[in-house]
>>> print(open('protein-v1.cif').read())   # mmCIF, C-alpha atoms
data_upload
loop_
_atom_site.label_atom_id
_atom_site.label_comp_id
_atom_site.auth_asym_id
_atom_site.auth_seq_id
_atom_site.Cartn_x
_atom_site.Cartn_y
_atom_site.Cartn_z
CA MET C 1 150.80 105.80 141.22
CA HIS C 2 147.11 105.15 141.08
CA PRO C 3 144.95 105.43 139.01
CA PRO C 4 147.29 104.15 136.27
CA LYS C 5 148.41 106.47 133.47
CA PRO C 6 150.98 106.10 130.66
CA VAL C 7 153.05 108.91 132.20
CA CYS C 8 154.25 109.70 135.72
CA ARG C 9 152.51 112.76 137.14
CA HIS C 10 155.59 113.71 139.18
CA CYS C 11 158.56 113.34 136.79
CA HIS C 12 156.69 112.94 133.48
CA SER C 13 158.58 109.74 132.75
CA GLU C 14 156.90 107.46 130.25
CA ASN C 15 158.80 104.49 131.65
CA VAL C 16 155.85 103.18 133.63
CA ALA C 17 154.39 99.70 133.96
CA PRO C 18 151.98 97.83 136.21
CA ALA C 19 153.59 96.52 139.38
CA ALA C 20 152.31 94.19 142.08
CA VAL C 21 151.82 95.83 145.46
CA ALA C 22 151.41 94.47 148.93
CA GLY C 23 147.84 93.56 149.70
CA THR C 24 148.17 95.31 153.02
CA GLY C 25 147.95 98.89 154.18
CA ALA C 26 146.32 101.22 156.67
CA ILE C 27 143.16 103.33 156.74
CA GLU C 28 144.16 106.90 155.85
CA THR C 29 140.59 108.14 156.18
CA TYR C 30 137.02 106.95 155.87
CA THR C 31 133.40 107.97 155.97
CA ILE C 32 130.30 106.04 156.94
CA ASN C 33 127.81 106.11 154.07
CA TYR C 34 124.14 105.83 155.07
CA ARG C 35 122.64 106.56 151.67
CA ALA C 36 121.44 103.67 149.48
CA TRP C 37 122.63 104.98 146.10
CA VAL C 38 120.98 102.08 144.26
CA PRO C 39 117.99 99.97 145.27
CA GLY C 40 118.98 97.12 147.55
CA LEU C 41 122.35 98.55 148.59
CA GLN C 42 123.06 97.44 152.17
CA VAL C 43 123.86 100.48 154.32
CA PRO C 44 125.55 101.73 156.38
CA LEU C 45 128.83 100.92 154.71
CA VAL C 46 132.35 102.27 155.06
CA ILE C 47 134.02 104.11 152.16
CA ALA C 48 137.73 104.49 152.87
CA ARG C 49 141.04 105.57 151.45
CA VAL C 50 143.66 102.92 152.16
CA ARG C 51 147.37 103.79 151.90
CA LEU C 52 149.15 100.72 150.63
CA ASP C 53 152.28 99.42 152.32
CA GLY C 54 155.55 99.97 150.48
CA VAL C 55 154.27 102.51 147.92
CA PRO C 56 154.17 106.01 149.45
CA GLY C 57 151.55 108.26 147.90
CA VAL C 58 149.43 105.44 146.54
CA TYR C 59 145.91 105.37 147.93
CA LEU C 60 142.97 103.20 146.99
CA THR C 61 139.35 104.24 147.43
CA THR C 62 137.64 101.11 148.66
CA ASN C 63 135.29 99.65 151.26
CA ILE C 64 136.16 98.28 154.68
CA VAL C 65 134.20 95.05 155.07
CA ASN C 66 133.64 92.24 157.57
CA CYS C 67 133.43 94.47 160.62
CA PRO C 68 130.78 96.72 162.19
CA VAL C 69 131.02 100.25 160.75
CA GLU C 70 131.45 101.83 164.17
CA GLU C 71 134.63 99.81 164.79
CA VAL C 72 136.58 101.36 161.91
CA ARG C 73 139.48 103.57 163.08
CA PHE C 74 142.06 105.85 161.47
CA ASP C 75 145.41 104.18 160.74
CA GLN C 76 144.00 100.71 161.36
CA LYS C 77 145.96 97.93 159.60
CA VAL C 78 143.97 96.30 156.82
CA ARG C 79 144.46 93.69 154.12
CA VAL C 80 142.81 93.14 150.77
CA THR C 81 139.98 90.71 150.19
CA PHE C 82 138.58 90.32 146.70
CA GLU C 83 134.87 90.15 146.07
CA GLU C 84 133.88 88.63 142.75
CA GLN C 85 130.79 89.75 140.93
CA ASP C 86 130.10 88.71 137.32
CA GLY C 87 133.76 87.97 136.69
CA ILE C 88 134.96 91.30 138.11
CA PHE C 89 137.13 91.25 141.22
CA TYR C 90 136.64 94.22 143.55
CA PRO C 91 139.56 94.94 145.91
CA LEU C 92 137.91 95.47 149.30
CA PHE C 93 139.73 95.60 152.62
CA GLU C 94 139.23 94.06 156.05
CA ARG C 95 140.90 94.62 159.38
CA VAL C 96 144.00 92.64 160.26
CA THR C 97 143.15 90.95 163.53
CA MET E 1 133.31 140.72 119.53
CA GLY E 2 134.43 140.52 123.10
CA ASN E 3 133.09 143.84 124.33
CA ARG E 4 129.71 142.62 125.49
CA GLU E 5 128.86 142.22 129.13
CA ALA E 6 127.10 139.03 130.19
CA TYR E 7 124.61 138.98 133.03
CA ILE E 8 121.91 136.77 134.50
CA SER E 9 118.60 138.20 133.32
CA GLY E 10 116.13 135.74 134.81
CA ILE E 11 115.90 132.72 137.10
CA GLY E 12 113.35 129.91 137.25
CA GLN E 13 112.81 126.69 139.14
CA SER E 14 110.45 123.80 138.58
CA GLU E 15 108.49 121.88 141.14
CA VAL E 16 110.87 120.01 143.47
CA GLY E 17 110.18 116.64 145.07
CA VAL E 18 111.33 113.07 145.59
CA ARG E 19 108.32 111.33 144.00
CA LEU E 20 107.57 113.57 141.03
CA ALA E 21 105.57 111.92 138.26
CA ARG E 22 106.20 114.74 135.80
CA HIS E 23 108.77 113.91 133.12
CA PRO E 24 112.18 115.52 133.76
CA LEU E 25 112.11 117.24 130.36
CA LEU E 26 108.77 118.83 131.27
CA LEU E 27 110.17 119.93 134.63
CA THR E 28 113.07 121.51 132.75
CA LEU E 29 110.65 123.38 130.47
CA ASP E 30 108.69 124.57 133.53
CA ALA E 31 111.86 126.10 134.95
CA ILE E 32 112.81 127.62 131.58
CA ASN E 33 109.36 129.22 131.19
CA GLU E 34 109.64 130.72 134.67
CA ALA E 35 113.12 132.09 133.85
CA LEU E 36 111.86 133.55 130.56
CA ALA E 37 108.99 135.29 132.36
CA ASP E 38 111.41 136.58 134.99
CA ALA E 39 113.69 137.96 132.27
CA GLY E 40 110.87 139.34 130.14
CA LEU E 41 112.04 137.27 127.17
CA THR E 42 110.24 134.97 124.76
CA ILE E 43 111.53 131.61 123.61
CA GLU E 44 112.05 133.03 120.10
CA GLN E 45 114.80 135.26 121.51
CA ILE E 46 116.78 132.34 122.92
CA ASP E 47 119.70 131.25 120.77
CA GLY E 48 121.94 129.38 123.21
CA VAL E 49 121.50 126.38 125.54
CA PHE E 50 124.00 125.27 128.19
CA THR E 51 123.90 122.50 130.74
CA TYR E 52 126.05 120.45 133.07
CA PRO E 53 126.86 117.56 132.81
CA GLY E 54 124.85 116.83 129.67
CA LYS E 55 122.55 113.82 129.39
CA MET E 56 124.12 110.79 131.06
CA SER E 57 122.70 107.67 129.47
CA SER E 58 124.53 105.50 132.00
CA PHE E 59 122.91 107.33 134.91
CA LEU E 60 119.75 109.08 133.76
CA GLY E 61 118.64 110.03 137.26
CA PHE E 62 121.75 112.18 137.66
CA SER E 63 121.22 114.02 134.39
CA PRO E 64 118.20 113.01 132.32
CA VAL E 65 117.92 115.96 129.90
CA SER E 66 120.30 117.03 127.13
CA SER E 67 120.73 120.44 125.55
CA ASP E 68 119.47 118.84 122.33
CA ASP E 69 116.30 117.67 124.11
CA VAL E 70 115.52 121.25 125.13
CA ILE E 71 116.37 122.65 121.70
CA GLU E 72 114.09 120.09 120.04
CA ALA E 73 111.26 120.39 122.54
CA LEU E 74 111.10 124.18 122.38
CA GLY E 75 112.08 124.67 118.76
CA ILE E 76 115.01 126.85 119.78
CA LYS E 77 117.04 128.20 116.88
CA SER E 78 120.30 127.59 118.66
CA LYS E 79 123.51 129.27 117.57
CA TRP E 80 125.60 127.69 120.31
CA HIS E 81 124.92 124.95 122.82
CA LEU E 82 126.94 122.81 125.17
CA GLY E 83 126.39 119.98 127.62
CA GLY E 84 129.36 118.30 129.22
CA GLY E 85 130.62 116.76 132.40
CA GLU E 86 134.33 117.44 132.06
CA GLN E 87 133.98 120.80 133.73
CA PRO E 88 134.76 121.90 137.29
CA ALA E 89 131.18 121.83 138.53
CA GLN E 90 127.54 122.67 137.87
CA LEU E 91 128.22 126.39 137.53
CA ALA E 92 130.53 125.70 134.60
CA ALA E 93 127.46 125.80 132.34
CA ILE E 94 126.81 129.38 133.44
CA ALA E 95 130.47 130.31 132.98
CA SER E 96 130.44 128.82 129.48
CA ALA E 97 127.23 130.68 128.61
CA ALA E 98 128.70 133.96 129.86
CA LEU E 99 131.79 133.46 127.71
CA ALA E 100 129.66 132.59 124.69
CA VAL E 101 127.52 135.72 125.16
CA LYS E 102 130.57 137.93 125.68
CA GLU E 103 132.18 136.54 122.54
CA GLY E 104 129.02 136.99 120.51
CA LEU E 105 128.42 133.28 119.83
CA CYS E 106 124.87 133.75 121.06
CA ARG E 107 122.82 136.50 122.68
CA HIS E 108 120.29 134.97 125.08
CA ALA E 109 121.33 131.66 126.61
CA ILE E 110 119.35 129.20 128.69
CA CYS E 111 121.40 127.47 131.40
CA PHE E 112 119.83 124.51 133.14
CA ARG E 113 120.61 121.69 135.52
CA THR E 114 118.04 118.92 135.87
CA VAL E 115 118.32 116.16 138.46
CA TYR E 116 115.89 113.31 138.89
CA GLU E 117 117.76 111.00 141.23
CA ALA E 118 115.15 110.43 143.92
CA ALA E 119 112.26 110.22 141.48
CA ALA E 120 114.24 107.86 139.25
CA LEU E 121 114.84 105.42 142.11
CA SER E 122 111.14 104.53 142.17
CA ARG E 123 111.07 104.00 138.37
CA PRO E 124 114.20 101.94 137.60
CA GLU E 125 112.80 100.59 134.30
CA GLU E 126 112.53 104.07 132.82
CA PHE E 127 115.59 105.50 134.58
CA PRO E 128 118.07 102.67 135.24
CA PRO E 129 120.36 103.28 138.20
CA LEU E 130 124.12 103.50 137.74
CA LYS E 131 125.65 100.03 137.69
CA ARG E 132 128.88 99.60 139.53
CA ASP E 133 130.38 97.23 136.98
CA PHE E 134 129.98 99.50 133.98
CA VAL E 135 131.52 102.89 134.61
CA ASP E 136 134.45 104.72 133.09
CA GLY E 137 136.39 107.93 133.57
CA MET E 138 137.20 108.97 137.12
CA SER E 139 134.06 107.21 138.37
CA GLN E 140 135.62 103.81 137.73
CA TRP E 141 137.89 104.31 140.76
CA THR E 142 135.11 105.39 143.11
CA ALA E 143 131.69 104.12 141.97
CA PRO E 144 132.56 100.41 142.41
CA PHE E 145 132.96 101.20 146.11
CA TRP E 146 129.70 103.14 146.30
CA ALA E 147 131.49 106.48 146.55
CA PHE E 148 128.90 107.91 144.17
CA SER E 149 128.58 111.46 145.42
CA ALA E 150 131.01 114.32 146.01
CA ALA E 151 129.83 114.06 149.63
CA CYS E 152 131.46 110.62 149.85
CA TRP E 153 134.76 112.06 148.61
CA THR E 154 134.96 115.29 150.57
CA ALA E 155 133.72 113.68 153.79
CA GLN E 156 136.87 111.56 153.84
CA TYR E 157 139.13 114.62 153.71
CA ALA E 158 137.06 116.34 156.39
CA MET E 159 137.24 113.23 158.59
CA ARG E 160 141.05 113.06 158.31
CA HIS E 161 141.39 116.79 159.00
CA MET E 162 139.19 116.54 162.08
CA HIS E 163 141.08 113.46 163.28
CA ARG E 164 144.47 115.08 162.77
CA TYR E 165 143.80 118.56 164.09
CA GLY E 166 141.09 117.82 166.64
CA MET E 167 138.50 119.99 164.97
CA THR E 168 135.00 119.23 166.25
CA ARG E 169 131.69 119.09 164.42
CA GLU E 170 130.61 122.14 166.39
CA GLN E 171 133.59 124.14 165.15
CA LEU E 172 132.85 123.03 161.61
CA ALA E 173 129.27 124.18 162.03
CA GLN E 174 130.43 127.58 163.27
CA ILE E 175 131.92 128.21 159.86
CA ALA E 176 128.38 128.15 158.52
CA GLY E 177 127.54 130.97 160.90
CA ILE E 178 129.11 133.38 158.47
CA GLU E 179 128.32 132.20 155.02
CA ARG E 180 127.71 133.27 151.48
CA GLY E 181 124.52 135.27 151.37
CA ALA E 182 124.77 136.43 154.96
CA THR E 183 124.77 140.12 155.79
CA ILE E 184 127.27 141.19 158.41
CA LEU E 185 127.58 144.48 160.27
CA ASP E 186 131.18 145.41 161.03
CA ALA E 187 130.66 147.76 163.93
CA GLY E 188 133.57 150.16 164.11
CA SER E 189 134.95 149.15 160.73
CA GLY E 190 137.99 151.45 160.66
CA LEU E 191 139.91 151.03 157.41
CA GLY E 192 137.87 147.93 156.60
CA GLY E 193 140.42 145.09 156.91
CA PRO E 194 138.10 142.64 158.69
CA SER E 195 135.14 143.43 156.41
CA ARG E 196 137.20 142.83 153.27
CA TYR E 197 138.52 139.58 154.78
CA LEU E 198 135.01 138.37 155.61
CA ALA E 199 133.69 139.26 152.17
CA SER E 200 136.58 137.69 150.26
CA THR E 201 136.70 134.58 152.46
CA TYR E 202 133.01 133.83 152.84
CA GLY E 203 131.44 135.75 149.97
CA CYS E 204 129.10 137.46 152.41
CA ARG E 205 127.89 141.06 152.29
CA VAL E 206 129.41 143.34 154.89
CA ILE E 207 128.31 146.81 155.89
CA GLY E 208 130.87 148.73 157.89
CA VAL E 209 129.98 151.57 160.19
CA ASP E 210 132.50 153.96 161.68
CA LEU E 211 132.31 157.32 163.43
CA THR E 212 135.36 158.74 161.63
CA PRO E 213 134.63 160.09 158.12
CA SER E 214 138.24 159.72 156.89
CA PHE E 215 138.28 156.02 157.88
CA VAL E 216 135.06 155.46 155.95
CA ALA E 217 136.47 157.22 152.88
CA VAL E 218 139.69 155.16 152.89
CA ALA E 219 137.77 151.93 153.48
CA GLN E 220 135.58 152.69 150.44
CA LEU E 221 138.66 153.38 148.33
CA LEU E 222 140.33 150.12 149.42
CA ALA E 223 137.16 148.17 148.66
CA GLN E 224 137.18 149.55 145.12
CA ARG E 225 140.88 148.83 144.65
CA THR E 226 140.42 145.22 145.78
CA GLY E 227 137.32 144.71 143.67
CA LEU E 228 135.22 143.95 146.73
CA ASN E 229 132.95 146.97 146.45
CA THR E 230 130.06 144.79 145.29
CA LEU E 231 130.15 143.00 148.64
CA VAL E 232 131.33 145.58 151.15
CA SER E 233 130.15 149.12 151.77
CA TYR E 234 130.79 151.65 154.49
CA GLN E 235 128.95 154.48 156.10
CA ILE E 236 129.47 157.00 158.83
CA GLY E 237 127.47 156.10 161.88
CA ASP E 238 127.29 156.00 165.66
CA LEU E 239 127.25 152.59 167.30
CA LEU E 240 125.02 154.00 170.03
CA ALA E 241 122.34 154.77 167.44
CA LEU E 242 122.92 152.46 164.50
CA PRO E 243 121.36 153.73 161.26
CA PHE E 244 119.58 150.43 160.56
CA PRO E 245 116.15 148.96 161.21
CA ASP E 246 115.59 146.13 163.69
CA SER E 247 116.58 142.51 162.87
CA CYS E 248 118.47 143.08 159.62
CA PHE E 249 121.90 141.43 160.15
CA ASP E 250 122.90 137.77 160.34
CA ALA E 251 125.93 138.70 162.40
CA VAL E 252 127.51 141.68 164.08
CA TRP E 253 131.31 141.71 164.02
CA THR E 254 133.27 144.06 166.24
CA GLN E 255 136.99 144.25 166.95
CA HIS E 256 138.79 146.61 169.34
CA VAL E 257 135.90 149.03 169.43
CA VAL E 258 133.62 148.58 172.39
CA MET E 259 136.55 149.13 174.77
CA ASN E 260 136.49 152.78 173.71
CA ILE E 261 132.80 153.28 174.38
CA PRO E 262 131.77 154.03 177.95
CA ASP E 263 128.09 153.21 177.45
CA ARG E 264 128.50 149.44 177.01
CA GLU E 265 124.93 148.63 177.83
CA ARG E 266 123.60 150.86 175.12
CA VAL E 267 126.00 149.61 172.44
CA TYR E 268 125.19 145.96 173.15
CA ARG E 269 121.49 146.77 173.16
CA GLU E 270 121.95 148.28 169.70
CA PHE E 271 123.81 145.17 168.49
CA ARG E 272 120.95 143.03 169.75
CA ARG E 273 118.36 145.25 168.09
CA VAL E 274 119.87 145.04 164.59
CA LEU E 275 120.59 141.29 164.82
CA LYS E 276 118.08 138.89 163.36
CA PRO E 277 116.72 136.27 165.78
CA GLY E 278 119.40 133.57 165.87
CA GLY E 279 122.00 136.06 164.63
CA LYS E 280 125.50 136.04 166.08
CA LEU E 281 127.68 138.62 167.77
CA ALA E 282 131.39 138.04 167.18
CA PHE E 283 133.70 140.23 169.23
CA TYR E 284 137.34 140.68 170.12
CA ASP E 285 138.03 143.28 172.71
CA VAL E 286 140.04 144.30 175.72
CA LEU E 287 137.90 143.53 178.74
CA ALA E 288 140.14 144.34 181.70
CA THR E 289 142.67 147.10 182.10
CA ASP E 290 143.52 146.85 185.76
CA CYS E 291 146.60 144.73 185.21
CA GLN E 292 149.63 145.51 183.11
CA SER E 293 149.00 143.08 180.32
CA GLY E 294 145.28 143.57 180.09
CA THR E 295 142.98 140.78 179.03
CA ALA E 296 141.69 140.27 175.58
CA LEU E 297 138.74 138.05 174.97
CA SER E 298 137.17 136.90 171.79
CA GLY E 299 134.05 134.95 171.30
CA ALA E 300 130.74 134.62 169.63
CA VAL E 301 127.31 134.70 171.16
CA GLY E 302 123.96 134.18 169.54
CA ARG E 303 120.82 136.26 169.80
CA GLU E 304 117.86 134.29 171.14
#
>>> encode(input="protein-v1.cif", output="structure tokens")
Amino acid sequence: MHPPKPVCRHCHSENVAPAAVAGTGAIETYTINYRAWVPGLQVPLVIARVRLDGVPGVYLTTNIVNCPVEEVRFDQKVRVTFEEQDGIFYPLFERVT
Amino acid sequence: MGNREAYISGIGQSEVGVRLARHPLLLTLDAINEALADAGLTIEQIDGVFTYPGKMSSFLGFSPVSSDDVIEALGIKSKWHLGGGEQPAQLAAIASAALAVKEGLCRHAICFRTVYEAAALSRPEEFPPLKRDFVDGMSQWTAPFWAFSAACWTAQYAMRHMHRYGMTREQLAQIAGIERGATILDAGSGLGGPSRYLASTYGCRVIGVDLTPSFVAVAQLLAQRTGLNTLVSYQIGDLLALPFPDSCFDAVWTQHVVMNIPDRERVYREFRRVLKPGGKLAFYDVLATDCQSGTALSGAVGRE
């Protein structure tokens, strides 16, 4: 499940713990954002929901990077790429070529 | 307690713009003064203040004014106030105020929503923008990826739906053709099924006209029973001489009616007359009867 919680939303089990997941998945859906929400934000950018491989029902809201926005497609295979900023690692995704 | 009715007694709005120099608290007071004048109340009578989502120190442009700010600035002797973001949406402040009034916690409540996002962008020192590395709550899973607005979230669901079911942007736009606030004429309303559906689905006002008095009476009864009588009403009338002035409906809706009227030209001329410019005619009718199965056609056309 994601986001993490101390209880499972489906079976209410409290036997939950962090688990590593595949860094790959596919684009469930996306939208092209043209609005600069903060000064200096480079737009357009792609906001997407990625369904991760091997964990049905787990989706990550993220960005699709390293490709022109108009080339993003539904169900495209993607893999994670981490962007570090001030010690924080953001899980972004790029197309698997 | 609990027997009072709550209602909206006045509405006000401040100046609106993307480069406003006026302080957001002053804009809020402008809107409150307009609402007080509209309601015929004075500030001394106000004893409740409600807002969504409350002042957000981490993102002042999104919500720069607290209920406390308003209480302090206007010297309100508040009996009950509330500002909070963990509510379904902006209108939650109004719902909370209505409940407070009904329960007797306060008598005259101010509800406000102040946004300063565009104006704040040009003054980041005074109104710092949201930082993507310091957020909590549900925003921590979306803001780091610049999904700041509900538009960024809902657009993704709409995109998937359109991809999966082939819905086009044009079809999506058609939904807006009949919307909340629109006034629809149901020409030949019968027992009122379509008009109740339109009102309950879109929140629009529907006026039904039918030639048969008993149909009109039953339709009125059903509207009352379903609690839709604030949105739908019915009257006896002839489609060939509609009892309405020119250009008063956003849409004319007609189902299985025109096929029974010989003078088609006159009925369509009447539809056109009562439609506003840009209004829509939505119809479903039998158009041909010279073959066994007949031909039904539905569609929508706009008035130029």
>>> resolve_selection(input="protein-v1.cif", expression="the PyMOL selection byres ((chain C) within 12 of (chain E))", output="PDB file with C-alpha atoms, keeping the file's coordinate frame")
ATOM      1  CA  HIS C   2     147.110 105.150 141.080  1.00  0.00           C
ATOM      2  CA  PRO C   3     144.950 105.430 139.010  1.00  0.00           C
ATOM      3  CA  PRO C   4     147.290 104.150 136.270  1.00  0.00           C
ATOM      4  CA  ILE C  27     143.160 103.330 156.740  1.00  0.00           C
ATOM      5  CA  GLU C  28     144.160 106.900 155.850  1.00  0.00           C
ATOM      6  CA  THR C  29     140.590 108.140 156.180  1.00  0.00           C
ATOM      7  CA  TYR C  30     137.020 106.950 155.870  1.00  0.00           C
ATOM      8  CA  THR C  31     133.400 107.970 155.970  1.00  0.00           C
ATOM      9  CA  ILE C  32     130.300 106.040 156.940  1.00  0.00           C
ATOM     10  CA  ASN C  33     127.810 106.110 154.070  1.00  0.00           C
ATOM     11  CA  TYR C  34     124.140 105.830 155.070  1.00  0.00           C
ATOM     12  CA  ARG C  35     122.640 106.560 151.670  1.00  0.00           C
ATOM     13  CA  ALA C  36     121.440 103.670 149.480  1.00  0.00           C
ATOM     14  CA  TRP C  37     122.630 104.980 146.100  1.00  0.00           C
ATOM     15  CA  VAL C  38     120.980 102.080 144.260  1.00  0.00           C
ATOM     16  CA  PRO C  39     117.990  99.970 145.270  1.00  0.00           C
ATOM     17  CA  GLY C  40     118.980  97.120 147.550  1.00  0.00           C
ATOM     18  CA  LEU C  41     122.350  98.550 148.590  1.00  0.00           C
ATOM     19  CA  GLN C  42     123.060  97.440 152.170  1.00  0.00           C
ATOM     20  CA  VAL C  43     123.860 100.480 154.320  1.00  0.00           C
ATOM     21  CA  PRO C  44     125.550 101.730 156.380  1.00  0.00           C
ATOM     22  CA  LEU C  45     128.830 100.920 154.710  1.00  0.00           C
ATOM     23  CA  VAL C  46     132.350 102.270 155.060  1.00  0.00           C
ATOM     24  CA  ILE C  47     134.020 104.110 152.160  1.00  0.00           C
ATOM     25  CA  ALA C  48     137.730 104.490 152.870  1.00  0.00           C
ATOM     26  CA  ARG C  49     141.040 105.570 151.450  1.00  0.00           C
ATOM     27  CA  VAL C  50     143.660 102.920 152.160  1.00  0.00           C
ATOM     28  CA  TYR C  59     145.910 105.370 147.930  1.00  0.00           C
ATOM     29  CA  LEU C  60     142.970 103.200 146.990  1.00  0.00           C
ATOM     30  CA  THR C  61     139.350 104.240 147.430  1.00  0.00           C
ATOM     31  CA  THR C  62     137.640 101.110 148.660  1.00  0.00           C
ATOM     32  CA  ASN C  63     135.290  99.650 151.260  1.00  0.00           C
ATOM     33  CA  ILE C  64     136.160  98.280 154.680  1.00  0.00           C
ATOM     34  CA  VAL C  65     134.200  95.050 155.070  1.00  0.00           C
ATOM     35  CA  ARG C  73     139.480 103.570 163.080  1.00  0.00           C
ATOM     36  CA  PHE C  74     142.060 105.850 161.470  1.00  0.00           C
ATOM     37  CA  ASP C  75     145.410 104.180 160.740  1.00  0.00           C
ATOM     38  CA  GLU C  83     134.870  90.150 146.070  1.00  0.00           C
ATOM     39  CA  GLU C  84     133.880  88.630 142.750  1.00  0.00           C
ATOM     40  CA  GLN C  85     130.790  89.750 140.930  1.00  0.00           C
ATOM     41  CA  ASP C  86     130.100  88.710 137.320  1.00  0.00           C
ATOM     42  CA  GLY C  87     133.760  87.970 136.690  1.00  0.00           C
ATOM     43  CA  ILE C  88     134.960  91.300 138.110  1.00  0.00           C
ATOM     44  CA  PHE C  89     137.130  91.250 141.220  1.00  0.00           C
ATOM     45  CA  TYR C  90     136.640  94.220 143.550  1.00  0.00           C
ATOM     46  CA  PRO C  91     139.560  94.940 145.910  1.00  0.00           C
ATOM     47  CA  LEU C  92     137.910  95.470 149.300  1.00  0.00           C
ATOM     48  CA  PHE C  93     139.730  95.600 152.620  1.00  0.00           C
TER      49      PHE C  93
END
>>> residues_around(input="protein-v1.cif", residues="Ala22 in chain C", least_positions_apart="3", cutoff="8 Å", atoms="all atoms listed in the file", output="list in words")
Gly25, Leu52, Asp53 and Gly54 of chain C
>>> atom_distance(input="protein-v1.cif", atom1="CA of Glu15 in chain E", atom2="CA of Arg113 in chain E")
13.4 Å
>>> atom_distance(input="protein-v1.cif", atom1="CA of Glu94 in chain C", atom2="CA of Val135 in chain E")
24.4 Å
>>> atom_distance(input="protein-v1.cif", atom1="CA of Pro245 in chain E", atom2="CA of Lys280 in chain E")
16.7 Å
>>> resolve_selection(input="protein-v1.cif", expression="the PyMOL selection byres ((chain C and resi 97) around 12)", output="PyMOL selection string")
chain C and resi 66-67+76-79+94-96
>>> closest_residue(input="protein-v1.cif", among="E:Ile32, E:Met167, E:Leu242, E:Leu41", to="Ile110 in chain E", atoms="only C-alpha atoms")
E:Ile32
>>> closest_residue(input="protein-v1.cif", among="E:Gly61, E:Pro88, E:Gly83, E:Gly75", to="Val49 in chain E", atoms="only C-alpha atoms")
E:Gly83
>>> residues_near_point(input="protein-v1.cif", point="(122.0, 122.4, 133.4)", cutoff="8 Å", atoms="all atoms listed in the file", output="number ranges by chain")
E: 50-54, 83, 90, 93, 111-114
>>> resolve_selection(input="protein-v1.cif", expression="the PyMOL selection byres ((chain E and resi 45-47) around 10)", output="ChimeraX atom specification")
/E:36,41-44,48-49,71,74-81,105-110
>>> residues_around(input="protein-v1.cif", residues="Leu222 in chain E", least_positions_apart="3", cutoff="12 Å", atoms="all atoms listed in the file", output="ChimeraX atom specification")
/E:190-193,195-197,215-219,225-229,232-234
>>> closest_residue(input="protein-v1.cif", among="E:Cys204, E:Glu103, E:Lys55, E:Ala251", to="Leu82 in chain E", atoms="all atoms listed in the file")
E:Lys55
>>> closest_residue(input="protein-v1.cif", among="C:Ala26, C:Pro68, C:Gly57, C:Arg51", to="His10 in chain C", atoms="all atoms listed in the file")
C:Gly57
>>> closest_residue(input="protein-v1.cif", among="C:Pro56, C:Phe82, C:Met1, C:Val69", to="Ala19 in chain C", atoms="all atoms listed in the file")
C:Met1
